[in-house]
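Undergrad: Next comes the structure file input17.txt, holding compact mmCIF, C-alpha atoms.
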# COMPACT_ATOMS: atom_id res chain seq x y z
CA MET T 1 -26.70 -11.00 44.62
CA SER T 2 -25.94 -8.43 41.93
CA PRO T 3 -22.81 -8.99 39.82
CA LEU T 4 -19.74 -6.90 40.54
CA LYS T 5 -19.34 -3.94 38.22
CA PRO T 6 -15.98 -3.72 36.45
CA PRO T 7 -13.86 -0.88 37.84
CA ARG T 8 -13.66 2.32 35.83
CA ALA T 9 -10.16 2.80 34.46
CA ARG T 10 -8.27 5.72 36.00
CA ARG T 11 -5.76 7.95 34.28
CA VAL T 12 -2.15 6.90 34.84
CA ALA T 13 0.32 9.72 35.36
CA VAL T 14 3.98 9.64 34.39
CA VAL T 15 5.54 11.57 37.28
CA GLY T 16 9.26 11.36 36.52
CA GLY T 17 12.18 9.18 35.58
CA ALA T 18 15.77 8.45 36.46
CA ARG T 19 18.47 6.53 34.64
CA VAL T 20 22.20 6.11 34.70
CA PRO T 21 24.15 7.39 31.69
CA PHE T 22 24.37 4.63 29.10
CA ALA T 23 27.86 3.26 28.41
CA ARG T 24 29.39 1.30 25.57
CA SER T 25 29.92 -2.35 26.45
CA ASP T 26 33.28 -3.33 27.95
CA GLY T 27 33.78 0.26 29.06
CA PRO T 28 33.10 2.08 32.37
CA TYR T 29 30.40 -0.38 33.43
CA ALA T 30 32.27 -3.54 32.41
CA THR T 31 32.14 -4.89 35.97
CA ALA T 32 28.71 -3.48 36.89
CA SER T 33 25.87 -5.98 37.22
CA ASN T 34 22.28 -5.50 36.11
CA GLN T 35 21.31 -5.19 39.75
CA GLU T 36 23.96 -2.57 40.53
CA MET T 37 22.96 -0.37 37.59
CA LEU T 38 19.23 -0.76 38.22
CA THR T 39 19.71 0.02 41.91
CA ALA T 40 21.58 3.22 41.05
CA ALA T 41 18.76 4.32 38.75
CA LEU T 42 16.09 3.44 41.32
CA ASP T 43 17.93 5.26 44.12
CA GLY T 44 18.11 8.35 41.92
CA LEU T 45 14.34 8.19 41.42
CA VAL T 46 13.71 7.68 45.13
CA GLU T 47 15.86 10.67 46.10
CA ARG T 48 14.46 13.05 43.50
CA HIS T 49 10.81 12.28 44.20
CA GLY T 50 10.88 11.70 47.95
CA LEU T 51 9.99 8.03 47.79
CA GLN T 52 11.67 7.07 51.06
CA GLY T 53 9.60 5.70 53.89
CA PRO T 54 7.12 2.85 54.46
CA GLY T 55 4.75 2.11 51.63
CA ALA T 56 5.87 5.01 49.45
CA VAL T 57 5.48 2.98 46.25
CA GLY T 58 2.99 0.21 45.54
CA GLU T 59 5.34 -2.03 43.58
CA PHE T 60 8.42 -2.22 41.38
CA VAL T 61 8.33 -3.86 37.95
CA ALA T 62 11.51 -4.34 35.91
CA GLY T 63 13.48 -6.79 33.84
CA ALA T 64 16.60 -7.58 31.86
CA VAL T 65 17.20 -9.46 28.63
CA LEU T 66 20.69 -10.79 29.36
CA LYS T 67 20.31 -12.35 32.80
CA HIS T 68 22.58 -14.48 34.96
CA SER T 69 20.98 -17.18 37.06
CA ARG T 70 21.58 -14.87 40.03
CA ASP T 71 19.20 -12.37 38.37
CA PHE T 72 16.20 -14.71 38.60
CA ASN T 73 14.56 -12.27 41.06
CA LEU T 74 16.19 -9.09 39.73
CA ALA T 75 13.46 -6.58 40.52
CA ARG T 76 12.98 -7.77 44.09
CA GLU T 77 16.73 -7.95 44.80
CA THR T 78 17.08 -4.43 43.41
CA VAL T 79 14.45 -3.19 45.87
CA LEU T 80 16.24 -4.89 48.76
CA GLY T 81 19.52 -3.22 47.78
CA SER T 82 18.00 0.22 47.29
CA THR T 83 16.69 3.04 49.46
CA LEU T 84 13.10 2.08 48.60
CA ASP T 85 11.07 0.50 51.41
CA PRO T 86 12.11 -3.19 51.55
CA ARG T 87 8.44 -4.10 51.97
CA THR T 88 7.78 -3.01 48.37
CA PRO T 89 6.66 -5.98 46.23
CA ALA T 90 8.52 -6.49 42.95
CA TYR T 91 8.49 -8.77 39.94
CA ASP T 92 10.32 -9.29 36.66
CA VAL T 93 9.07 -9.05 33.07
CA GLN T 94 10.91 -9.73 29.81
CA GLN T 95 9.97 -8.97 26.21
CA ALA T 96 13.37 -8.45 24.58
CA CYS T 97 13.91 -4.78 23.64
CA GLY T 98 10.31 -4.01 24.59
CA THR T 99 10.90 -5.01 28.21
CA GLY T 100 11.10 -1.50 29.66
CA LEU T 101 7.92 -0.33 27.96
CA GLN T 102 6.12 -3.57 28.78
CA ALA T 103 7.08 -3.06 32.45
CA VAL T 104 5.52 0.40 32.28
CA ILE T 105 2.34 -1.07 30.78
CA ALA T 106 2.14 -3.80 33.44
CA ALA T 107 2.45 -1.25 36.24
CA ALA T 108 0.05 1.17 34.56
CA ASN T 109 -2.66 -1.45 34.24
CA LYS T 110 -2.73 -2.02 38.00
CA ILE T 111 -2.89 1.70 38.67
CA ALA T 112 -5.67 2.15 36.10
CA LEU T 113 -7.71 -0.60 37.76
CA GLY T 114 -7.20 0.79 41.25
CA GLN T 115 -5.13 -2.18 42.41
CA THR T 116 -2.27 0.12 43.42
CA GLU T 117 -1.76 3.87 43.62
CA SER T 118 1.83 4.08 42.42
CA ALA T 119 4.59 1.98 40.89
CA VAL T 120 8.08 2.20 39.50
CA ALA T 121 8.87 0.45 36.21
CA GLY T 122 12.14 0.00 34.39
CA GLY T 123 14.87 -2.26 33.18
CA ALA T 124 18.60 -2.85 32.94
CA ASP T 125 20.99 -4.67 30.67
CA THR T 126 24.71 -5.20 30.43
CA ALA T 127 26.33 -6.49 27.28
CA SER T 128 29.66 -6.44 29.13
CA ASP T 129 28.65 -8.93 31.83
CA ALA T 130 26.71 -11.29 29.58
CA PRO T 131 26.17 -14.76 31.08
CA LEU T 132 28.38 -17.55 29.78
CA GLY T 133 26.68 -20.92 29.62
CA VAL T 134 28.30 -24.24 30.39
CA ASN T 135 29.09 -26.17 27.24
CA ASP T 136 26.00 -28.30 26.60
CA ARG T 137 27.98 -31.52 26.29
CA LEU T 138 29.69 -30.81 29.61
CA ARG T 139 26.32 -29.99 31.19
CA ARG T 140 24.92 -33.35 30.12
CA ILE T 141 27.90 -35.21 31.53
CA LEU T 142 27.64 -33.36 34.86
CA LEU T 143 23.93 -34.16 35.10
CA GLU T 144 24.64 -37.78 34.31
CA ALA T 145 27.29 -37.85 37.04
CA ARG T 146 24.83 -36.37 39.51
CA ARG T 147 22.40 -39.20 38.76
CA ALA T 148 25.07 -41.90 39.15
CA LYS T 149 24.21 -44.50 41.81
CA SER T 150 27.74 -45.07 43.11
CA PRO T 151 31.09 -43.26 43.42
CA GLY T 152 32.57 -45.58 40.79
CA ALA T 153 29.82 -44.83 38.30
CA ARG T 154 30.27 -41.11 38.98
CA VAL T 155 34.01 -41.26 38.31
CA LYS T 156 33.42 -43.27 35.13
CA THR T 157 30.98 -40.63 33.88
CA LEU T 158 33.28 -37.71 34.72
CA ALA T 159 36.06 -39.44 32.82
CA LYS T 160 34.13 -38.66 29.64
CA ILE T 161 35.02 -34.97 29.94
CA ARG T 162 37.34 -33.76 27.19
CA PRO T 163 39.14 -30.39 26.75
CA ALA T 164 36.64 -29.36 24.05
CA HIS T 165 33.86 -29.67 26.61
CA LEU T 166 35.40 -26.83 28.66
CA VAL T 167 34.71 -24.22 25.97
CA PRO T 168 31.75 -22.15 27.25
CA ASP T 169 28.66 -21.29 25.23
CA ILE T 170 29.12 -17.65 24.26
CA PRO T 171 25.91 -15.58 23.93
CA ARG T 172 25.15 -14.75 20.29
CA ASN T 173 23.23 -11.78 18.97
CA ALA T 174 21.23 -14.03 16.68
CA GLU T 175 17.64 -15.15 16.31
CA PRO T 176 17.31 -18.84 17.24
CA ARG T 177 14.85 -19.46 14.38
CA THR T 178 17.05 -18.03 11.63
CA GLY T 179 20.61 -17.84 12.96
CA LEU T 180 20.81 -14.27 11.66
CA SER T 181 21.83 -11.35 13.85
CA MET T 182 19.46 -8.45 14.34
CA GLY T 183 21.70 -6.35 12.10
CA GLU T 184 21.55 -8.90 9.28
CA HIS T 185 17.78 -9.03 9.58
CA ALA T 186 17.64 -5.23 9.45
CA ALA T 187 19.80 -5.27 6.32
CA VAL T 188 17.28 -7.52 4.57
CA THR T 189 14.51 -5.09 5.50
CA ALA T 190 16.56 -2.07 4.40
CA ARG T 191 17.01 -3.59 0.95
CA ALA T 192 13.32 -4.48 0.71
CA TRP T 193 12.25 -0.90 1.48
CA GLY T 194 15.02 0.73 -0.57
CA ILE T 195 16.48 2.60 2.40
CA THR T 196 19.55 4.55 1.27
CA ARG T 197 22.87 4.94 3.05
CA GLU T 198 22.55 8.75 2.91
CA ALA T 199 19.15 8.73 4.64
CA GLN T 200 20.47 6.45 7.39
CA ASP T 201 23.54 8.58 8.04
CA GLU T 202 21.42 11.74 8.14
CA LEU T 203 19.10 10.25 10.74
CA ALA T 204 22.05 9.02 12.84
CA ALA T 205 23.83 12.39 12.75
CA THR T 206 20.61 14.16 13.72
CA SER T 207 20.16 11.83 16.70
CA HIS T 208 23.62 12.72 18.04
CA GLN T 209 23.17 16.43 17.42
CA ARG T 210 19.78 16.54 19.14
CA LEU T 211 20.96 14.53 22.15
CA ALA T 212 23.96 16.84 22.52
CA ALA T 213 21.72 19.90 22.35
CA ALA T 214 19.39 18.42 24.98
CA TYR T 215 22.31 17.89 27.35
CA GLU T 216 23.62 21.40 26.71
CA ARG T 217 20.32 23.01 27.67
CA GLY T 218 20.09 20.94 30.85
CA PHE T 219 17.17 18.79 29.74
CA PHE T 220 18.57 15.64 31.36
CA GLN T 221 19.57 17.26 34.65
CA ASP T 222 16.68 15.64 36.53
CA LEU T 223 16.54 12.46 34.43
CA VAL T 224 20.15 11.21 34.48
CA VAL T 225 21.98 10.06 37.62
CA PRO T 226 25.83 10.10 37.43
CA PHE T 227 27.28 6.62 37.78
CA ARG T 228 30.84 5.27 37.79
CA GLY T 229 32.35 8.50 36.54
CA LEU T 230 29.86 9.13 33.75
CA ALA T 231 27.46 12.07 33.68
CA ARG T 232 26.47 11.76 30.00
CA ASP T 233 25.80 8.90 27.64
CA GLN T 234 29.20 7.63 26.53
CA ASN T 235 28.13 6.87 22.98
CA LEU T 236 27.20 10.50 22.31
CA ARG T 237 29.25 12.11 19.54
CA PRO T 238 28.27 15.83 19.48
CA GLY T 239 30.35 16.47 16.37
CA SER T 240 28.69 13.71 14.37
CA THR T 241 27.94 14.71 10.76
CA VAL T 242 26.71 12.98 7.64
CA GLU T 243 30.16 13.47 6.10
CA LYS T 244 31.93 11.75 8.99
CA LEU T 245 29.46 8.88 9.04
CA ALA T 246 29.83 8.44 5.27
CA ALA T 247 33.48 7.43 5.79
CA LEU T 248 32.55 4.31 7.79
CA LYS T 249 32.54 0.89 6.16
CA PRO T 250 29.35 -1.23 6.09
CA VAL T 251 29.17 -4.00 8.68
CA PHE T 252 25.80 -5.62 7.91
CA GLY T 253 24.33 -6.92 4.67
CA LEU T 254 27.72 -7.69 3.14
CA ASP T 255 26.28 -10.75 1.38
CA ALA T 256 24.47 -8.53 -1.14
CA PRO T 257 25.55 -5.64 -3.41
CA GLY T 258 25.46 -2.11 -2.04
CA PRO T 259 25.41 -2.66 1.75
CA THR T 260 24.34 0.46 3.64
CA MET T 261 24.44 -0.34 7.36
CA THR T 262 27.50 0.76 9.35
CA ALA T 263 28.49 0.95 13.01
CA GLY T 264 27.59 4.63 12.82
CA ASN T 265 23.98 4.15 11.75
CA SER T 266 23.44 1.12 13.99
CA THR T 267 23.07 1.08 17.77
CA PRO T 268 26.15 -0.18 19.67
CA LEU T 269 26.09 -2.82 22.39
CA THR T 270 25.39 -0.87 25.57
CA ASP T 271 25.21 -1.13 29.37
CA GLY T 272 22.71 0.84 31.45
CA ALA T 273 19.48 1.05 33.45
CA ALA T 274 16.41 3.27 33.58
CA THR T 275 13.33 3.73 35.77
CA VAL T 276 10.08 5.70 35.59
CA LEU T 277 7.57 6.65 38.29
CA LEU T 278 3.87 6.07 37.55
CA ALA T 279 0.91 6.98 39.74
CA SER T 280 -2.76 7.82 40.01
CA GLU T 281 -3.65 11.51 39.85
CA GLU T 282 -4.76 11.41 43.49
CA TRP T 283 -1.46 9.91 44.67
CA ALA T 284 0.58 12.53 42.81
CA GLU T 285 -1.58 15.41 44.04
CA ALA T 286 -1.37 14.25 47.67
CA ARG T 287 2.42 14.38 47.46
CA GLY T 288 2.66 17.65 45.60
CA LEU T 289 4.07 15.99 42.48
CA GLU T 290 3.07 17.41 39.11
CA PRO T 291 2.44 14.76 36.45
CA LEU T 292 4.49 15.21 33.30
CA ALA T 293 2.00 13.37 31.08
CA TYR T 294 -0.55 10.56 31.12
CA LEU T 295 -0.27 7.10 29.59
CA THR T 296 -3.50 6.70 27.63
CA ALA T 297 -3.10 3.78 25.21
CA TYR T 298 -0.77 0.96 24.30
CA GLU T 299 -0.60 -1.87 21.78
CA THR T 300 1.66 -4.81 21.02
CA ALA T 301 2.12 -6.79 17.82
CA ALA T 302 4.26 -9.55 16.34
CA VAL T 303 5.25 -10.57 12.81
CA ASP T 304 6.15 -13.89 11.22
CA PHE T 305 9.77 -13.05 10.44
CA VAL T 306 10.50 -16.69 9.57
CA GLY T 307 7.76 -17.67 7.15
CA GLY T 308 6.05 -14.36 6.43
CA ASP T 309 6.69 -11.74 3.75
CA VAL T 310 10.26 -11.08 4.85
CA ALA T 311 11.82 -10.44 1.44
CA GLY T 312 9.05 -7.97 0.67
CA GLY T 313 9.79 -6.08 3.87
CA GLU T 314 6.35 -6.48 5.42
CA ASP T 315 7.35 -9.03 8.06
CA GLY T 316 10.96 -8.10 8.75
CA LEU T 317 12.24 -8.90 12.23
CA LEU T 318 11.84 -5.32 13.48
CA MET T 319 8.65 -4.38 11.63
CA ALA T 320 5.98 -5.25 14.21
CA PRO T 321 5.38 -1.54 15.09
CA ALA T 322 4.21 -1.12 11.48
CA TYR T 323 1.18 -3.19 12.54
CA ALA T 324 0.85 -2.13 16.20
CA VAL T 325 0.73 1.62 15.66
CA PRO T 326 -2.04 1.69 13.00
CA ARG T 327 -4.15 -0.63 15.19
CA MET T 328 -3.60 1.54 18.25
CA LEU T 329 -4.39 4.76 16.38
CA GLU T 330 -7.55 3.29 14.91
CA ARG T 331 -8.71 2.22 18.35
CA ALA T 332 -7.93 5.69 19.74
CA GLY T 333 -9.49 7.50 16.79
CA LEU T 334 -6.25 9.33 16.03
CA GLY T 335 -3.90 9.89 13.09
CA ILE T 336 -0.18 10.62 12.98
CA GLU T 337 -1.02 14.26 12.36
CA ASP T 338 -2.57 14.39 15.86
CA PHE T 339 0.80 13.89 17.54
CA ASP T 340 3.10 16.73 18.56
CA LEU T 341 6.03 14.37 19.20
CA VAL T 342 6.98 10.91 17.95
CA GLU T 343 9.56 8.68 19.65
CA ILE T 344 10.80 5.70 17.64
CA HIS T 345 13.45 3.50 19.22
CA GLU T 346 16.47 3.65 16.91
CA ALA T 347 17.75 0.09 16.91
CA PHE T 348 19.07 0.91 13.43
CA ALA T 349 18.54 4.00 11.30
CA SER T 350 17.30 1.75 8.50
CA GLN T 351 14.66 0.23 10.80
CA VAL T 352 13.30 3.67 11.74
CA LEU T 353 13.09 4.68 8.07
CA ALA T 354 11.45 1.39 7.07
CA THR T 355 8.88 1.80 9.85
CA LEU T 356 8.04 5.33 8.70
CA ALA T 357 7.62 4.07 5.13
CA ALA T 358 5.42 1.18 6.29
CA TRP T 359 3.15 3.52 8.26
CA GLU T 360 2.63 5.63 5.15
CA LYS T 361 1.91 2.51 3.09
CA ARG T 362 -0.78 1.61 5.62
CA GLY T 363 -2.44 4.99 5.14
CA LEU T 364 -0.93 7.06 7.95
CA ALA T 365 0.28 10.59 7.27
CA PRO T 366 4.04 11.18 6.95
CA VAL T 367 5.81 11.93 10.24
CA ASP T 368 7.16 15.47 10.43
CA ARG T 369 10.88 14.91 11.04
CA ALA T 370 11.00 18.02 13.22
CA ARG T 371 8.77 16.11 15.67
CA LEU T 372 10.72 12.83 15.54
CA ASN T 373 13.10 11.95 18.40
CA THR T 374 13.60 15.62 19.23
CA ALA T 375 16.04 14.94 22.09
CA GLY T 376 17.93 12.19 20.26
CA SER T 377 17.36 8.48 20.65
CA SER T 378 19.10 5.11 20.74
CA LEU T 379 21.62 5.75 17.95
CA ALA T 380 23.09 8.46 20.18
CA THR T 381 22.26 7.27 23.70
CA GLY T 382 22.94 3.59 23.09
CA HIS T 383 20.52 0.76 23.78
CA PRO T 384 20.73 -1.37 26.96
CA PHE T 385 17.94 -3.66 25.79
CA ALA T 386 15.52 -3.68 28.74
CA ALA T 387 16.28 -0.08 29.77
CA THR T 388 15.26 1.65 26.54
CA GLY T 389 11.48 1.63 27.08
CA ALA T 390 11.70 3.39 30.44
CA ARG T 391 14.18 5.89 29.00
CA VAL T 392 11.81 6.75 26.16
CA VAL T 393 8.74 7.10 28.41
CA ALA T 394 10.49 9.46 30.84
CA THR T 395 12.05 11.49 28.02
CA LEU T 396 8.83 11.88 26.05
CA ALA T 397 6.82 12.75 29.16
CA LYS T 398 9.23 15.56 30.02
CA LEU T 399 9.30 16.80 26.42
CA LEU T 400 5.52 17.06 26.48
CA ALA T 401 5.57 18.84 29.85
CA GLU T 402 8.11 21.35 28.53
CA ARG T 403 5.63 22.47 25.88
CA GLY T 404 3.40 23.89 28.60
CA GLY T 405 0.01 23.19 27.07
CA PRO T 406 -1.89 20.16 25.86
CA GLY T 407 0.07 17.72 23.73
CA ARG T 408 0.30 14.16 22.57
CA GLY T 409 3.26 11.82 21.97
CA LEU T 410 3.64 8.46 20.25
CA ILE T 411 6.10 5.73 21.30
CA SER T 412 7.23 2.88 19.04
CA VAL T 413 9.67 0.18 20.14
CA CYS T 414 10.71 -2.80 18.02
CA ALA T 415 11.98 -5.95 19.70
CA ALA T 416 13.74 -9.22 18.98
CA GLY T 417 11.54 -12.16 18.10
CA GLY T 418 9.60 -10.03 15.62
CA GLN T 419 7.70 -8.06 18.26
CA GLY T 420 6.70 -4.45 18.82
CA VAL T 421 5.45 -2.45 21.82
CA THR T 422 3.82 0.96 21.32
CA ALA T 423 2.09 3.55 23.48
CA ILE T 424 0.57 7.02 23.63
CA LEU T 425 1.33 9.74 26.18
CA GLU T 426 -0.88 12.82 26.52
CA ARG T 427 -1.22 16.12 28.37
CA THR T 428 -4.61 17.78 28.53
Output the file's structure as structure tokens, nothing else.
TA:
Amino acid sequence: MSPLKPPRARRVAVVGGARVPFARSDGPYATASNQEMLTAALDGLVERHGLQGPGAVGEFVAGAVLKHSRDFNLARETVLGSTLDPRTPAYDVQQACGTGLQAVIAAANKIALGQTESAVAGGADTASDAPLGVNDRLRRILLEARRAKSPGARVKTLAKIRPAHLVPDIPRNAEPRTGLSMGEHAAVTARAWGITREAQDELAATSHQRLAAAYERGFFQDLVVPFRGLARDQNLRPGSTVEKLAALKPVFGLDAPGPTMTAGNSTPLTDGAATVLLASEEWAEARGLEPLAYLTAYETAAVDFVGGDVAGGEDGLLMAPAYAVPRMLERAGLGIEDFDLVEIHEAFASQVLATLAAWEKRGLAPVDRARLNTAGSSLATGHPFAATGARVVATLAKLLAERGGPGRGLISVCAAGGQGVTAILERT
């Protein structure tokens, strides 16, 4: 019997996207769950691309970073609450801020191998409805009481509970290995790379101005679904300028002279959800859907942000794309100069600037700022952790399609835990 030949990889089309406007935490979406937001985004995608009916989509892949126990099957529950066929399989993924892009990659791989013809990928996160854990001491007492062999033993165990045990465990924006927040880690990297306050404020102001311009020209009309009274990203400040941002006080890196990172050049805590439709060329053609772009390469990386060259800037928490992108470009036989558009997730302005500097240090050409985040990015839109990757993919795909001819776009997303997820979109 002859061995099975490996399947030839097919091109994976990005057909469209839908997301809810992103909102600042504890604002309009304060009582909205991950599932509610993700369902709204998915329903918008279903309506705009005619995905109703049996078997319309092969599967749904999504995730969230901040999850309640009730979210253990988030993607599947979202399908069941949506207008998508309830027979659509679904599963969760999670890779911190890279979750949305990793969901896209997971779905794309199955399409490329012919295991499915279409899929929806995405993510949601709410910083407003973050899960509160039971105090660990109280949890241990309750478990001990559950194991008690008699009612008397159970009462005796429960009598150990003290008022201090009732204080819940509040989620912390900190790395378990270091105890430092993402902002404090970014401040260390900013100092290592010599990133100035002026450069950060200029990048942040540009992000707001470009996002505002994109909304004004109707770019997001078929990408954003109104939700809970919002039609635009709440964090958007159209009048943002370098001068206004310069008046803000630093909030990170205060333990060293000359701190540069403020609330204005850092991404705020955000609530939101985003989805993107992927398919084979044949599936899209059969339904009369024009692909926006094709996903042609992707790469992940991780750095040792605990014991590596952190002080030197090489292995800062958010620097993994500095390794992933050069590897991906080498494998694809491309250079930065071969890209018409570059999308870098703006967790912090300093992180974007440090990444650009690191790419140059590794021999890549400088990124033309006119091609960088041309419709704004996370500093302006906000950053619901697991939703950002899907937002970026849909945005970049449409930007490439707008150009009319062939084009190529690069995606770079940094993530907690010292990780990075990157990808390439193309039109031919």
Undergrad: Counting only C-alpha atoms, which residues of stretch 23-75 of chain T sit at most 12 Å from some atom of stretch 288-297 of chain T, and what is each one's closest atom pair with its distance in Å to one decimal, listed by chain and rising residue number, as a Markdown table?
TA:
| residue | atom | partner | partner_atom | distance |
| --- | --- | --- | --- | --- |
| T:Arg48 | CA | T:Leu289 | CA | 10.8 |
| T:His49 | CA | T:Leu289 | CA | 7.9 |
| T:Gly50 | CA | T:Leu289 | CA | 9.7 |
| T:Leu51 | CA | T:Leu289 | CA | 11.3 |
Undergrad: Please identify all polymer residues within 12 Å of T:Leu278, counting only C-alpha atoms, omitting same-chain residues fewer than 4 positions from it, and present them as number ranges by chain.
TA: T: 11-17, 45, 49, 57-61, 103-112, 116-122, 282-284, 289-295, 390, 393-394, 397
Undergrad: Which is closest to T:Pro28 among T:Arg70, T:Arg228, T:Lys149, T:Arg76, if we use all atoms listed in the file?
TA: T:Arg228
Undergrad: Rank nothing, just name the residue among T:Thr381, T:Ser350, T:Ser33, T:Gln94 nearest to T:Ser207, using all atoms listed in the file.
TA: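 Result for the nearest residue to T:Ser207: T:Thr381.
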Undergrad: Record the distance separating atom CA of T:Thr270 and atom CA of T:Leu101, expressed in Å with one decimal.
TA: 17.6 Å
Undergrad: Which residue out of T:Ser25, T:Thr374, T:Thr31, T:Ser150 has the minimum interatomic distance to T:Ala213 when all atoms listed in the file are used?
TA: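 Comparing T:Ser25, T:Thr374, T:Thr31, T:Ser150 against T:Ala213, the winner is T:Thr374.
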Undergrad: Select, counting all atoms listed in the file, all protein, DNA and RNA residues no farther than 8 Å from (13.0, -9.9, 11.9) in file coordinates, and express the selection as a PyMOL selection string.
TA: chain T and resi 182+185-186+303-306+310+315-319+416-418
Undergrad: Using all atoms listed in the file, which residue out of T:Asn73, T:Gln35, T:Asn173, T:Thr157 lies closest to T:Asp92?
TA: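 Looking only at the distances to T:Asp92, the closest residue turns out to be T:Asn73.
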Undergrad: Any idea what the distance is between atom CA of T:Thr275 and atom CA of T:Val325?
TA: 23.8 Å
Undergrad: Quick one, how far is atom CA of T:Pro259 from atom CA of T:Val342?
TA: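 Between these atoms lies a distance of 28.0 Å.
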Undergrad: Given the choices T:Ile336, T:Ala127, T:Gly264, T:Pro54, which gets closest to T:Ala30 if the distance is worked out from only C-alpha atoms?
TA: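 The shortest atom-to-atom distance to T:Ala30 comes from T:Ala127.
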Undergrad: Taking all atoms listed in the file into account, which of T:Tyr91, T:Tyr215, T:Phe385, T:Phe348 comes nearest T:Asp233?
TA: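 Nearest to T:Asp233: T:Tyr215.
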Undergrad: Write out as a list in words the residues lying within 10 Å of T:Arg154, counting only C-alpha atoms and excluding same-chain residues fewer than 5 positions away.
TA: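 Contacts, with the query itself left out: Ile141, Leu142, Glu144, Ala145, Arg146, Arg147, Ala148, Lys149 and Ala159 of chain T.
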Undergrad: Report as a PyMOL selection string all protein, DNA and RNA residues lying within 8 Å of T:Asn235, evaluated on all atoms listed in the file, omitting residues in the same chain fewer than 5 positions from it.
TA: chain T and resi 22-24+380-382
